[in-house]
Structure formats: C-alpha cells, structure tokens
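*Asks:* Supplied structure: input-v5.txt, compact mmCIF, C-alpha atoms and all ligand atoms.
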```
# COMPACT_ATOMS: atom_id res chain seq x y z
CA MET A 1 -22.34 -8.80 -61.69
CA SER A 2 -21.48 -5.87 -59.37
CA LEU A 3 -19.00 -6.16 -56.48
CA GLU A 4 -21.92 -5.79 -54.03
CA GLU A 5 -23.71 -8.73 -55.67
CA LEU A 6 -20.54 -10.84 -55.54
CA GLN A 7 -20.13 -10.00 -51.88
CA ALA A 8 -23.74 -10.93 -51.11
CA LEU A 9 -23.32 -14.29 -52.85
CA GLU A 10 -20.02 -14.88 -51.10
CA ARG A 11 -21.63 -14.26 -47.71
CA ARG A 12 -24.45 -16.65 -48.61
CA TYR A 13 -22.50 -19.49 -50.26
CA LEU A 14 -18.82 -19.48 -49.32
CA MET A 15 -17.55 -20.58 -45.93
CA GLN A 16 -16.34 -17.41 -44.27
CA THR A 17 -12.67 -18.41 -43.92
CA TYR A 18 -11.19 -15.32 -45.59
CA ARG A 19 -11.34 -11.56 -45.21
CA ARG A 20 -11.22 -10.42 -48.82
CA ALA A 21 -10.35 -6.90 -49.96
CA PRO A 22 -13.26 -5.26 -51.82
CA VAL A 23 -11.86 -5.69 -55.35
CA GLU A 24 -12.85 -8.00 -58.19
CA PHE A 25 -9.98 -8.67 -60.57
CA VAL A 26 -10.79 -9.61 -64.13
CA ARG A 27 -7.48 -9.54 -66.03
CA GLY A 28 -3.73 -9.75 -65.48
CA GLU A 29 -0.55 -9.25 -67.49
CA GLY A 30 2.99 -9.32 -66.09
CA ALA A 31 3.03 -7.36 -62.85
CA LEU A 32 -0.29 -5.63 -63.62
CA LEU A 33 -3.89 -6.48 -62.73
CA TRP A 34 -7.13 -4.80 -63.74
CA ASP A 35 -10.35 -4.71 -61.76
CA ALA A 36 -13.89 -4.90 -63.12
CA ASP A 37 -14.02 -1.10 -63.53
CA GLY A 38 -10.87 -1.10 -65.67
CA LYS A 39 -8.65 0.33 -62.92
CA GLU A 40 -5.00 -0.77 -63.14
CA TYR A 41 -3.02 -2.13 -60.17
CA LEU A 42 0.66 -2.90 -59.71
CA ASP A 43 0.75 -6.34 -58.13
CA PHE A 44 3.50 -6.61 -55.50
CA LEU A 45 1.98 -9.72 -53.96
CA ALA A 46 1.67 -11.96 -57.05
CA GLY A 47 -1.09 -14.13 -55.58
CA ILE A 48 1.10 -14.64 -52.46
CA SER A 49 4.23 -15.52 -54.38
CA VAL A 50 2.50 -17.72 -56.95
CA CYS A 51 2.58 -15.67 -60.17
CA SER A 52 6.36 -15.28 -60.09
CA VAL A 53 6.74 -15.19 -63.86
CA GLY A 54 3.97 -12.59 -64.07
CA HIS A 55 0.27 -12.93 -64.72
CA CYS A 56 -0.59 -14.87 -67.86
CA ASN A 57 3.03 -15.36 -68.85
CA PRO A 58 2.79 -16.26 -72.57
CA ALA A 59 5.10 -19.30 -72.28
CA VAL A 60 3.05 -20.74 -69.40
CA VAL A 61 -0.26 -19.96 -71.11
CA GLU A 62 0.95 -21.70 -74.26
CA ALA A 63 2.19 -24.78 -72.36
CA VAL A 64 -1.16 -25.07 -70.56
CA ARG A 65 -3.17 -24.49 -73.75
CA GLU A 66 -1.16 -27.08 -75.67
CA GLN A 67 -1.34 -29.75 -72.96
CA ALA A 68 -5.02 -29.09 -72.12
CA GLY A 69 -5.91 -29.50 -75.78
CA ARG A 70 -4.11 -32.87 -75.98
CA LEU A 71 -4.50 -34.65 -72.63
CA MET A 72 -5.53 -33.32 -69.24
CA HIS A 73 -5.66 -36.19 -66.80
CA VAL A 74 -5.18 -39.95 -66.57
CA SER A 75 -4.42 -40.43 -62.81
CA ASN A 76 -1.30 -41.88 -61.24
CA LEU A 77 -2.15 -45.37 -62.42
CA PHE A 78 -0.48 -44.50 -65.74
CA TYR A 79 2.43 -42.54 -67.18
CA THR A 80 2.52 -39.11 -68.76
CA GLU A 81 5.70 -37.44 -69.92
CA PRO A 82 5.20 -34.02 -68.24
CA MET A 83 4.92 -35.66 -64.80
CA VAL A 84 8.15 -37.65 -65.14
CA ARG A 85 10.03 -34.76 -66.72
CA LEU A 86 8.94 -32.45 -63.89
CA ALA A 87 10.20 -34.87 -61.24
CA GLU A 88 13.53 -35.18 -63.08
CA ARG A 89 13.85 -31.42 -63.41
CA LEU A 90 13.08 -30.75 -59.73
CA SER A 91 15.46 -33.43 -58.56
CA ARG A 92 18.34 -32.39 -60.80
CA SER A 93 17.96 -28.73 -59.83
CA SER A 94 18.06 -29.45 -56.09
CA LEU A 95 18.69 -32.48 -53.88
CA GLY A 96 19.11 -35.16 -56.54
CA GLY A 97 16.79 -37.81 -55.07
CA LYS A 98 13.19 -38.93 -55.51
CA VAL A 99 10.24 -36.55 -55.82
CA PHE A 100 6.59 -36.79 -54.83
CA LEU A 101 4.36 -34.45 -56.81
CA ALA A 102 1.39 -32.87 -55.03
CA ASN A 103 -1.24 -30.19 -55.62
CA SER A 104 -0.42 -27.65 -52.91
CA GLY A 105 2.04 -26.63 -50.26
CA THR A 106 0.26 -28.32 -47.42
CA GLU A 107 0.22 -31.62 -49.32
CA ALA A 108 3.95 -31.31 -49.99
CA THR A 109 4.39 -30.84 -46.23
CA GLU A 110 2.26 -33.94 -45.53
CA CYS A 111 4.59 -35.97 -47.74
CA ALA A 112 7.67 -34.58 -45.96
CA ILE A 113 6.15 -35.52 -42.58
CA LYS A 114 5.43 -39.06 -43.77
CA VAL A 115 8.97 -39.40 -45.15
CA ALA A 116 10.40 -38.17 -41.83
CA ARG A 117 8.27 -40.46 -39.69
CA LYS A 118 8.86 -43.53 -41.83
CA ASN A 119 12.58 -42.85 -41.99
CA ALA A 120 12.64 -42.57 -38.18
CA HIS A 121 10.74 -45.84 -37.74
CA ARG A 122 13.28 -47.49 -40.02
CA ARG A 123 16.02 -46.58 -37.55
CA GLY A 124 14.00 -47.92 -34.63
CA VAL A 125 12.39 -44.74 -33.30
CA GLU A 126 9.09 -45.48 -31.57
CA SER A 127 7.55 -42.03 -31.16
CA PRO A 128 9.02 -39.82 -33.86
CA GLU A 129 8.93 -36.12 -33.18
CA ILE A 130 9.12 -33.18 -35.56
CA VAL A 131 10.64 -29.89 -34.42
CA SER A 132 9.74 -26.50 -35.91
CA PHE A 133 10.17 -22.86 -35.03
CA GLU A 134 7.55 -20.74 -33.35
CA ARG A 135 5.66 -18.74 -36.01
CA ASP A 136 6.63 -21.17 -38.79
CA PHE A 137 3.91 -21.82 -41.35
CA HIS A 138 3.76 -25.15 -43.15
CA GLY A 139 0.12 -25.40 -44.22
CA ARG A 140 -3.37 -26.06 -42.95
CA SER A 141 -3.99 -29.81 -43.28
CA TYR A 142 -3.70 -31.52 -39.88
CA GLY A 143 -0.11 -32.71 -40.28
CA ALA A 144 1.14 -29.37 -41.56
CA LEU A 145 -1.00 -27.56 -38.99
CA ALA A 146 0.65 -29.49 -36.17
CA ALA A 147 3.99 -28.09 -37.41
CA THR A 148 2.52 -24.56 -37.52
CA PRO A 149 2.60 -23.76 -33.79
CA ALA A 150 0.54 -20.56 -33.77
CA LEU A 151 -2.38 -22.17 -35.62
CA ALA A 152 -2.06 -25.52 -33.82
CA ARG A 153 -3.11 -23.71 -30.64
CA ASN A 154 -6.62 -23.26 -32.04
CA GLU A 155 -8.36 -25.68 -29.70
CA ALA A 156 -11.63 -25.36 -31.59
CA LEU A 157 -9.98 -27.49 -34.30
CA GLY A 158 -8.48 -30.02 -31.88
CA PRO A 159 -7.30 -32.54 -31.08
CA MET A 160 -4.11 -31.89 -33.01
CA LEU A 161 -1.75 -34.58 -34.31
CA ALA A 162 0.76 -35.67 -31.67
CA GLY A 163 4.53 -35.77 -32.17
CA PHE A 164 5.33 -32.12 -32.83
CA ARG A 165 7.37 -29.66 -30.80
CA SER A 166 8.30 -26.01 -31.33
CA VAL A 167 11.25 -23.92 -30.19
CA PRO A 168 11.71 -20.12 -30.16
CA PHE A 169 12.48 -18.71 -33.62
CA ASP A 170 16.12 -18.71 -34.66
CA ASP A 171 17.29 -19.95 -31.25
CA ALA A 172 20.20 -22.26 -32.11
CA GLY A 173 20.64 -23.45 -28.51
CA ALA A 174 16.97 -24.29 -28.02
CA LEU A 175 16.92 -26.11 -31.33
CA ARG A 176 19.98 -28.17 -30.41
CA ASP A 177 18.43 -29.06 -27.04
CA ALA A 178 15.15 -30.12 -28.67
CA VAL A 179 16.74 -32.54 -31.14
CA TYR A 180 17.48 -36.02 -29.77
CA GLU A 181 17.34 -39.69 -30.82
CA GLU A 182 13.54 -39.71 -31.17
CA THR A 183 13.55 -36.65 -33.44
CA ALA A 184 12.37 -37.57 -36.92
CA ALA A 185 13.01 -34.17 -38.46
CA VAL A 186 13.63 -30.50 -38.04
CA LEU A 187 11.10 -28.85 -40.35
CA ILE A 188 11.73 -25.14 -40.88
CA GLU A 189 11.28 -22.31 -43.35
CA PRO A 190 14.73 -20.86 -44.19
CA ILE A 191 12.98 -17.48 -44.27
CA GLN A 192 9.66 -17.30 -42.45
CA GLY A 193 7.14 -15.87 -44.90
CA GLU A 194 3.69 -15.77 -43.32
CA ALA A 195 5.18 -14.60 -40.02
CA GLY A 196 6.42 -11.39 -41.68
CA VAL A 197 9.62 -12.29 -43.60
CA TYR A 198 12.20 -13.29 -40.97
CA PRO A 199 15.36 -15.04 -42.23
CA VAL A 200 16.85 -17.78 -40.05
CA SER A 201 20.49 -16.94 -39.27
CA GLU A 202 23.29 -18.95 -40.83
CA GLU A 203 24.43 -19.94 -37.33
CA THR A 204 21.06 -21.52 -36.56
CA LEU A 205 20.86 -23.28 -39.92
CA LEU A 206 24.30 -24.77 -39.26
CA ALA A 207 23.24 -25.79 -35.75
CA ALA A 208 20.15 -27.49 -37.20
CA ARG A 209 22.27 -29.35 -39.74
CA ARG A 210 24.69 -30.48 -37.05
CA ALA A 211 21.93 -31.58 -34.65
CA CYS A 212 20.30 -33.64 -37.41
CA ASP A 213 23.60 -35.22 -38.42
CA GLU A 214 24.32 -36.20 -34.82
CA THR A 215 20.93 -37.82 -34.19
CA GLY A 216 19.89 -39.17 -37.59
CA ALA A 217 16.98 -36.72 -37.85
CA LEU A 218 16.19 -35.29 -41.28
CA LEU A 219 16.59 -31.60 -42.00
CA ILE A 220 13.56 -30.46 -44.01
CA PHE A 221 13.43 -27.01 -45.59
CA ASP A 222 10.02 -25.68 -46.49
CA GLU A 223 10.83 -23.74 -49.67
CA ILE A 224 7.21 -23.31 -50.62
CA GLN A 225 7.50 -19.53 -50.42
CA THR A 226 11.29 -19.06 -50.64
CA GLY A 227 11.86 -21.35 -53.61
CA MET A 228 11.56 -20.98 -57.37
CA GLY A 229 13.92 -18.00 -57.58
CA ARG A 230 12.12 -15.80 -55.05
CA THR A 231 15.27 -15.02 -53.04
CA GLY A 232 17.63 -14.71 -56.03
CA SER A 233 18.72 -18.36 -56.27
CA LEU A 234 16.49 -21.15 -57.49
CA TRP A 235 16.22 -22.45 -53.89
CA ALA A 236 16.95 -20.35 -50.82
CA TYR A 237 19.22 -23.02 -49.29
CA GLN A 238 21.64 -22.49 -52.18
CA GLN A 239 22.63 -19.13 -50.66
CA THR A 240 23.50 -20.79 -47.34
CA ALA A 241 26.16 -23.27 -46.25
CA VAL A 242 23.45 -25.81 -45.42
CA ARG A 243 21.87 -28.45 -47.60
CA PRO A 244 18.64 -30.02 -46.36
CA ASP A 245 17.77 -33.73 -46.72
CA VAL A 246 14.24 -32.98 -47.89
CA MET A 247 12.71 -29.89 -49.46
CA THR A 248 9.16 -28.87 -50.23
CA SER A 249 8.00 -26.59 -53.03
CA ALA A 250 4.63 -25.27 -54.23
CA LYS A 251 3.23 -21.75 -54.83
CA ALA A 252 5.29 -20.39 -57.77
CA LEU A 253 6.05 -23.89 -59.02
CA GLY A 254 2.84 -24.06 -61.06
CA GLY A 255 2.84 -20.41 -62.13
CA GLY A 256 -0.82 -20.15 -61.09
CA LEU A 257 -1.89 -23.79 -61.38
CA PRO A 258 -1.89 -25.87 -58.19
CA VAL A 259 1.38 -27.84 -58.05
CA GLY A 260 3.43 -28.95 -55.06
CA ALA A 261 6.44 -31.19 -54.63
CA CYS A 262 8.47 -32.92 -51.96
CA VAL A 263 12.06 -33.61 -53.02
CA MET A 264 14.52 -35.85 -51.17
CA SER A 265 18.28 -36.15 -51.28
CA GLU A 266 19.73 -39.06 -53.22
CA GLU A 267 21.11 -40.68 -50.04
CA LEU A 268 17.56 -41.28 -48.78
CA GLY A 269 16.87 -43.59 -51.71
CA ASP A 270 13.31 -44.87 -51.40
CA VAL A 271 11.42 -44.19 -48.20
CA LEU A 272 7.76 -44.27 -49.23
CA GLU A 273 6.38 -47.35 -50.96
CA PRO A 274 3.15 -48.09 -52.84
CA GLY A 275 0.25 -47.45 -50.51
CA ASP A 276 2.11 -45.01 -48.24
CA HIS A 277 0.98 -41.88 -50.05
CA GLY A 278 -0.97 -40.76 -53.10
CA SER A 279 -3.25 -38.21 -54.70
CA THR A 280 -5.64 -38.46 -57.64
CA PHE A 281 -4.69 -35.13 -59.20
CA ALA A 282 -0.99 -34.95 -58.27
CA GLY A 283 1.41 -34.80 -61.20
CA GLY A 284 -1.46 -34.07 -63.57
CA ALA A 285 -0.34 -33.44 -67.12
CA VAL A 286 -1.55 -29.82 -67.40
CA ALA A 287 -0.18 -28.73 -64.02
CA SER A 288 3.14 -30.47 -64.75
CA ALA A 289 3.39 -28.84 -68.19
CA ALA A 290 2.81 -25.46 -66.55
CA ALA A 291 5.50 -26.14 -63.92
CA LEU A 292 8.02 -27.17 -66.60
CA ALA A 293 7.34 -23.91 -68.44
CA VAL A 294 7.82 -21.93 -65.20
CA LEU A 295 11.09 -23.75 -64.47
CA ASP A 296 12.33 -22.97 -67.99
CA LEU A 297 11.91 -19.28 -67.15
CA VAL A 298 13.07 -19.22 -63.54
CA ASP A 299 15.97 -21.69 -63.57
CA ASP A 300 17.98 -19.12 -65.46
CA GLU A 301 21.06 -17.32 -64.10
CA GLU A 302 20.16 -14.08 -65.92
CA LEU A 303 16.70 -13.93 -64.30
CA LEU A 304 18.11 -14.84 -60.88
CA ARG A 305 20.74 -12.08 -61.16
CA ARG A 306 17.94 -9.61 -61.99
CA VAL A 307 16.02 -10.78 -58.91
CA ARG A 308 19.05 -10.05 -56.71
CA GLU A 309 19.64 -6.65 -58.35
CA LEU A 310 16.01 -5.51 -58.32
CA GLY A 311 15.67 -6.79 -54.76
CA ALA A 312 18.62 -4.60 -53.74
CA THR A 313 17.12 -1.58 -55.56
CA LEU A 314 13.75 -2.13 -53.90
CA ARG A 315 15.32 -2.52 -50.47
CA GLU A 316 17.43 0.64 -50.86
CA GLY A 317 14.44 2.66 -52.09
CA LEU A 318 12.29 1.52 -49.18
CA LEU A 319 14.96 2.23 -46.58
CA GLU A 320 15.04 5.87 -47.69
CA LEU A 321 11.35 6.38 -46.93
CA ASP A 322 10.16 8.15 -43.79
CA GLY A 323 8.24 5.66 -41.72
CA VAL A 324 10.27 2.59 -42.73
CA ARG A 325 12.20 1.15 -39.78
CA GLU A 326 13.83 -1.87 -41.45
CA VAL A 327 13.63 -4.11 -44.50
CA ARG A 328 14.06 -7.86 -44.00
CA GLY A 329 14.42 -10.74 -46.44
CA ARG A 330 16.35 -11.62 -49.57
CA GLY A 331 15.89 -11.07 -53.30
CA LEU A 332 12.29 -10.15 -54.04
CA MET A 333 10.90 -11.50 -50.76
CA LEU A 334 10.87 -8.47 -48.51
CA GLY A 335 9.23 -7.56 -45.21
CA VAL A 336 9.01 -3.82 -44.57
CA GLY A 337 9.04 -3.06 -40.84
CA LEU A 338 7.20 0.22 -40.21
CA GLU A 339 7.83 2.80 -37.48
CA PRO A 340 5.71 2.24 -34.37
CA GLY A 341 2.30 3.89 -34.60
CA ILE A 342 1.85 3.24 -38.31
CA ASP A 343 -1.02 0.83 -38.90
CA ALA A 344 0.17 -1.48 -41.66
CA ALA A 345 -3.36 -2.70 -42.44
CA GLU A 346 -4.60 0.87 -42.99
CA LEU A 347 -1.52 1.64 -45.06
CA ALA A 348 -2.09 -1.44 -47.25
CA ALA A 349 -5.75 -0.45 -47.74
CA GLU A 350 -4.61 3.04 -48.80
CA LEU A 351 -2.03 1.53 -51.18
CA LEU A 352 -4.71 -0.68 -52.71
CA ARG A 353 -6.88 2.40 -53.32
CA ASN A 354 -3.81 4.00 -54.95
CA GLY A 355 -3.23 0.96 -57.17
CA LEU A 356 -0.51 -1.03 -55.38
CA ILE A 357 -1.16 -4.53 -54.02
CA VAL A 358 0.85 -5.61 -50.97
CA ASN A 359 -0.07 -7.57 -47.88
CA VAL A 360 0.21 -7.40 -44.11
CA PRO A 361 1.47 -10.66 -42.55
CA GLU A 362 1.67 -9.16 -39.05
CA PRO A 363 0.87 -5.78 -37.50
CA GLY A 364 3.58 -3.30 -38.44
CA THR A 365 4.89 -5.16 -41.50
CA LEU A 366 4.17 -4.90 -45.22
CA ARG A 367 5.17 -7.93 -47.25
CA LEU A 368 6.33 -7.45 -50.84
CA LEU A 369 6.44 -10.41 -53.23
CA PRO A 370 6.36 -8.93 -56.74
CA PRO A 371 6.65 -11.11 -59.83
CA LEU A 372 10.32 -11.91 -60.49
CA THR A 373 9.80 -10.49 -63.97
CA VAL A 374 8.88 -7.03 -62.62
CA ASP A 375 10.73 -4.22 -64.41
CA PRO A 376 12.86 -1.48 -62.82
CA ASP A 377 10.25 1.23 -63.59
CA GLN A 378 7.63 -0.76 -61.73
CA VAL A 379 9.94 -1.16 -58.73
CA GLU A 380 10.49 2.60 -58.73
CA ARG A 381 6.73 3.20 -59.02
CA ALA A 382 6.00 0.90 -56.07
CA VAL A 383 8.55 2.68 -53.87
CA GLY A 384 7.00 6.03 -54.93
CA LEU A 385 3.48 4.85 -54.07
CA ILE A 386 4.55 3.50 -50.68
CA GLY A 387 6.40 6.76 -49.96
CA GLU A 388 3.35 8.86 -50.91
CA SER A 389 0.99 6.76 -48.83
CA LEU A 390 3.34 6.89 -45.86
CA LEU A 391 3.39 10.71 -46.14
CA THR A 392 -0.39 10.98 -46.46
CA TYR A 393 -0.83 8.47 -43.71
CA SER A 394 1.49 10.16 -41.20
CA ARG A 395 -0.25 13.50 -41.91
CA VAL A 396 -3.66 12.03 -40.92
N1 LIG B 401 4.59 -23.45 -46.38
C1 LIG B 401 4.83 -22.15 -46.53
C2 LIG B 401 6.18 -21.59 -46.20
C3 LIG B 401 3.82 -21.30 -47.02
O1 LIG B 401 4.07 -20.00 -47.17
C4 LIG B 401 2.57 -21.86 -47.34
C5 LIG B 401 1.47 -21.01 -47.81
O2 LIG B 401 1.44 -19.82 -47.58
C6 LIG B 401 2.37 -23.23 -47.17
C7 LIG B 401 3.39 -24.00 -46.68
C8 LIG B 401 1.05 -23.87 -47.51
O3 LIG B 401 0.88 -23.88 -48.89
P1 LIG B 401 -0.59 -24.07 -49.51
O4 LIG B 401 -1.39 -22.87 -49.13
O5 LIG B 401 -0.36 -24.22 -50.98
O6 LIG B 401 -1.15 -25.31 -48.91
```
Can you dump the structure from the file as structure tokens?
*Replies:*
Amino acid sequence: MSLEELQALERRYLMQTYRRAPVEFVRGEGALLWDADGKEYLDFLAGISVCSVGHCNPAVVEAVREQAGRLMHVSNLFYTEPMVRLAERLSRSSLGGKVFLANSGTEATECAIKVARKNAHRRGVESPEIVSFERDFHGRSYGALAATPALARNEALGPMLAGFRSVPFDDAGALRDAVYEETAAVLIEPIQGEAGVYPVSEETLLAARRACDETGALLIFDEIQTGMGRTGSLWAYQQTAVRPDVMTSAKALGGGLPVGACVMSEELGDVLEPGDHGSTFAGGAVASAAALAVLDLVDDEELLRRVRELGATLREGLLELDGVREVRGRGLMLGVGLEPGIDAAELAAELLRNGLIVNVPEPGTLRLLPPLTVDPDQVERAVGLIGESLLTYSRV
C-alpha cells in the first residue's frame, strides 16, 4: 500500500487526533529505522523515549517470543510469575514499597492520584487537592489531564475533575504557598519532557519535599519520561537529594510494549484495597516479560555510565553549532533551544528528509531522546546532520 493510500485510509477511518509526519516505517534495528522505500533513518526520538534499548532489541524480542508462545494472558484474577517478578524488581530498584502495574503512563498517573486522595482521606482531609507545575504533562485520561494544566484548559473537553491546582514552573515559593493541610500530593515531573525538557531546580525539589513533610502530603514524581535510565541513573530522582513517596513509570519500561507502573515507598504500606483500582490487561505476562528484559539491560551501571558520557558528548557537540542557543536536560534527554528566528518545526522536517528523527515539543526547541544503546558514531552523525540542516536553514 502506498503512503498516499495509507493517508487516505487514515483520514477516512482514524480519529484525527494526531498530525503524523509523511513517513511509513516498516523495520527497525537499534537506533535505525527504515521506511517503506528502504530509506534509512537515525532515530533520535525512540518512539518518544519508549525504545530505549533500541528497536527490536534481541533480548526483548526473545523474552516476548518465549512468553507469547507459552502464555499470554490470564487476567489479574490469577498469578503469573513475570507480573510478580516485575513488581519486585521495580520496588527493589526504587522506593521499596508496593507496586501497581498498568498499561500506560496515564494509567500509572491515575493510580498515583487515587493513592494520594485515599491517603489524604485517611488523615481526615475532606477535599484533597493535588498540586502540579504549569506545563507539566501527566497524561490524557481525565485524572491525569486535570494535573496537566495546559491541556486541562480545553473547555471543549470539560468539565474537568475538581481538586487540582497549578503553580508557576520551578517556583519554590509559590509551591510552598500552595501546599497546606488539604493537599493530598505534589505531582511533578523532575524534568518536564513534553514542555520542552526543563529540569526542576534542586532548590525547588527540596522545597517540595519539605512542604510535603510539613503537611502530610505525598511527593509524587512522574518518571514516565525521565525514568528507566534516560537521564543517566535508573530513576532521575537518584541524581537529586530528594526521594519521592510515590513514583510513576511507563514509556521505556516495556521496551515497546505498553507497560506502566506506580511504585510507592515502603512507609506507605497498603493504601489501595481490592475494588479501589484494577485493569484487565495490567501486569500481563508478555508485557511483564518484556519489561523484565528491558530492566536487565538498563539497570546496569555500565550502560548508565555510557548514557551520562554520550549525553555529555551530544550536549558539547550541539553547543558548538551555529544556531543553538542552549541545551537543557540530563543524560540522553536533551532539549535544544534554538536561536530566535529559527523555526524548529521546519528544521525538524528538514532533518527528517535528511534521515534524522527528532521532535519539536515547543516552538524553538528540538527534543532529542535517542535509544540509550546509541553508539558514539551515531551521536556524531546526529550532531553533523543537525549542524548541516542549521546551515542550510539559516541560508534560506
Ligand atoms: N507523564 C509524562 C511525563 C509523559 O511524558 C507522558 C507521555 O508523554 C505521560 C505521562 C503519559 O503517558 P502515556 O502516553 O503512556 O499515557
């Protein structure tokens, strides 16, 4: 089927919720993708930070193949070993408490919101409130949407869920003022991803921790984009002085299969009980087997050291390019701020034509999220392609 035929069918049969680039991908390996005409692309987006161990990583493919051939699904009314082992692995590698497995980031957020509200009710709060930063992104289901201030203003989708409040990004004072006895949780991304890669300062993270400790609110870190080694540690919070009470994960966790998780600290014990939350597919055997294979690869000091080193190389290379104003982020999660007047969307379209996949989270910013297994030559090639496109572009 030609691209034009696919596009015609898409217009006829798919709800028009996305603006897709005009490329049909048919194969992937490591940091490379191929389109239907056989053209090769260097993928510095990795399915928006999902394919962190590379496309079709052999260990993940084998784990999926093996599990799919034996047992795919039995529901949460029964036990399977991959599900329980995944919960143990996530807990032991982070906050040490109980885990709820989900199928996506937004579902992990829903669980965190329920945990926060129920925990607040347990300490006598009547109208629990959840505080987030402006431009945070926590997902698109109604709970997560309510904690995603920019999207929650879309009145056409209203009414929104009550009990949410936002404060200016990285404003420690405003955050402190917004947290009081009725606050159930502060729910933030330690590095905003969809907004354009903006790290929260250590000062603000510490202020959030303190405000939560003083009021009994939970500190929830959304590590859906920052987690699973993306920033050079398994979880982004591990490079800060702050430990959250609850953490969410998804995206790279399943290596390409839909897996999410909400992890609590051990001190929280049990908050949710039977009937409070659930999902037919969550913790499915195939998805859990995939996630265990991804964790085997990513929860590895050698790989994490490489992420930090390659991240530094990428950052330095980008900062030398004409047209690059600043580079934000950590590890292999980078936002490239362009000089005023450079249209990031046009630049990304030009890069795509030249065989490099990046994305544009906001005007003036390119976001780079390559697979963590990218090799140094590919990092150099990406910097070269961005430099060339910037030159061509500024000549136009
Ligand atoms: N939280 C963050 C930080 C995200 O980046 C995303 C997705 O981009 C989500 C939540 C929602 O995840 P999902 O699209 O899997 O529902």
*Asks:* For Ala250 in chain A, find every residue with an atom within 6 Å (counting all atoms listed in the file), except residues of its own chain fewer than 4 positions away, and show them as JSON, numbers by chain.
*Replies:* {"A": [104, 105, 224, 259, 260]}
*Asks:* Taking a cut-off of 7 Å and counting only C-alpha atoms and all ligand atoms, can you build a table that, for each residue of chain A near ligand LIG 401 (chain B), reports the nearest atom pair and how far apart they are in Å (one decimal), sorted by chain then residue number, as a tab-separated table?
*Replies:*
```
residue	atom	partner	partner_atom	distance
A:Ser104	CA	B:LIG401	O5	3.9
A:Gly105	CA	B:LIG401	O3	3.3
A:Thr106	CA	B:LIG401	O6	3.6
A:Glu107	CA	B:LIG401	O6	6.5
A:Thr109	CA	B:LIG401	C7	6.9
A:Phe137	CA	B:LIG401	C1	5.3
A:His138	CA	B:LIG401	C7	3.7
A:Gly139	CA	B:LIG401	C8	3.7
A:Arg140	CA	B:LIG401	O6	6.4
A:Glu189	CA	B:LIG401	C2	5.9
A:Gln192	CA	B:LIG401	C2	6.7
A:Gly193	CA	B:LIG401	O1	5.6
A:Glu194	CA	B:LIG401	O1	5.7
A:Asp222	CA	B:LIG401	C2	5.6
A:Glu223	CA	B:LIG401	C2	6.2
A:Ile224	CA	B:LIG401	C2	4.9
A:Gln225	CA	B:LIG401	O1	4.7
A:Ala250	CA	B:LIG401	O5	6.0
A:Lys251	CA	B:LIG401	O5	5.8
```
*Asks:* So which residues touch range 16-23 of chain A within 10 Å, counting all atoms listed in the file, skipping near sequence neighbours fewer than 6 positions away, as a short mmCIF file (atom, residue, chain, number, x, y, z; two decimals) with C-alpha atoms, keeping the file's coordinate frame?
*Replies:*
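Contents of part-v2.cif, freshly written:
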```
data_model
loop_
_atom_site.label_atom_id
_atom_site.label_comp_id
_atom_site.auth_asym_id
_atom_site.auth_seq_id
_atom_site.Cartn_x
_atom_site.Cartn_y
_atom_site.Cartn_z
CA LEU A 3 -19.00 -6.16 -56.48
CA GLU A 4 -21.92 -5.79 -54.03
CA LEU A 6 -20.54 -10.84 -55.54
CA GLN A 7 -20.13 -10.00 -51.88
CA GLU A 10 -20.02 -14.88 -51.10
CA TRP A 34 -7.13 -4.80 -63.74
CA ASP A 35 -10.35 -4.71 -61.76
CA ALA A 36 -13.89 -4.90 -63.12
CA ASP A 37 -14.02 -1.10 -63.53
CA ALA A 349 -5.75 -0.45 -47.74
CA LEU A 352 -4.71 -0.68 -52.71
CA ARG A 353 -6.88 2.40 -53.32
#
```
*Asks:* Which residues come within 6 Å of range 228-243 of chain A, counting only C-alpha atoms, excluding same-chain residues fewer than 3 positions away, as a count of residues only?
*Replies:* 6
*Asks:* Which of these residues is nearest to Gly355 in chain A, using all atoms listed in the file: A:Ala150, A:Ala382, A:Leu369, A:Val99?
*Replies:*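 Of A:Ala150, A:Ala382, A:Leu369, A:Val99, the one nearest Gly355 in chain A is A:Ala382, counting all atoms listed in the file.
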*Asks:* Near Asp136 in chain A, counting only C-alpha atoms, which residues have an atom at most 12 Å away, once you skip same-chain residues fewer than 5 positions from it, shown as number ranges by chain?
*Replies:* A: 131, 144-152, 165-170, 186-200, 221-223, 225
*Asks:* Those selected residues, please, written with C-alpha atoms and delivered as a compact mmCIF listing (two decimals), in the frame of the given file.
*Replies:*
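Contents of selection10.txt, freshly written:
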```
# COMPACT_ATOMS: atom_id res chain seq x y z
CA VAL A 131 10.64 -29.89 -34.42
CA ALA A 144 1.14 -29.37 -41.56
CA LEU A 145 -1.00 -27.56 -38.99
CA ALA A 146 0.65 -29.49 -36.17
CA ALA A 147 3.99 -28.09 -37.41
CA THR A 148 2.52 -24.56 -37.52
CA PRO A 149 2.60 -23.76 -33.79
CA ALA A 150 0.54 -20.56 -33.77
CA LEU A 151 -2.38 -22.17 -35.62
CA ALA A 152 -2.06 -25.52 -33.82
CA ARG A 165 7.37 -29.66 -30.80
CA SER A 166 8.30 -26.01 -31.33
CA VAL A 167 11.25 -23.92 -30.19
CA PRO A 168 11.71 -20.12 -30.16
CA PHE A 169 12.48 -18.71 -33.62
CA ASP A 170 16.12 -18.71 -34.66
CA VAL A 186 13.63 -30.50 -38.04
CA LEU A 187 11.10 -28.85 -40.35
CA ILE A 188 11.73 -25.14 -40.88
CA GLU A 189 11.28 -22.31 -43.35
CA PRO A 190 14.73 -20.86 -44.19
CA ILE A 191 12.98 -17.48 -44.27
CA GLN A 192 9.66 -17.30 -42.45
CA GLY A 193 7.14 -15.87 -44.90
CA GLU A 194 3.69 -15.77 -43.32
CA ALA A 195 5.18 -14.60 -40.02
CA GLY A 196 6.42 -11.39 -41.68
CA VAL A 197 9.62 -12.29 -43.60
CA TYR A 198 12.20 -13.29 -40.97
CA PRO A 199 15.36 -15.04 -42.23
CA VAL A 200 16.85 -17.78 -40.05
CA PHE A 221 13.43 -27.01 -45.59
CA ASP A 222 10.02 -25.68 -46.49
CA GLU A 223 10.83 -23.74 -49.67
CA GLN A 225 7.50 -19.53 -50.42
```
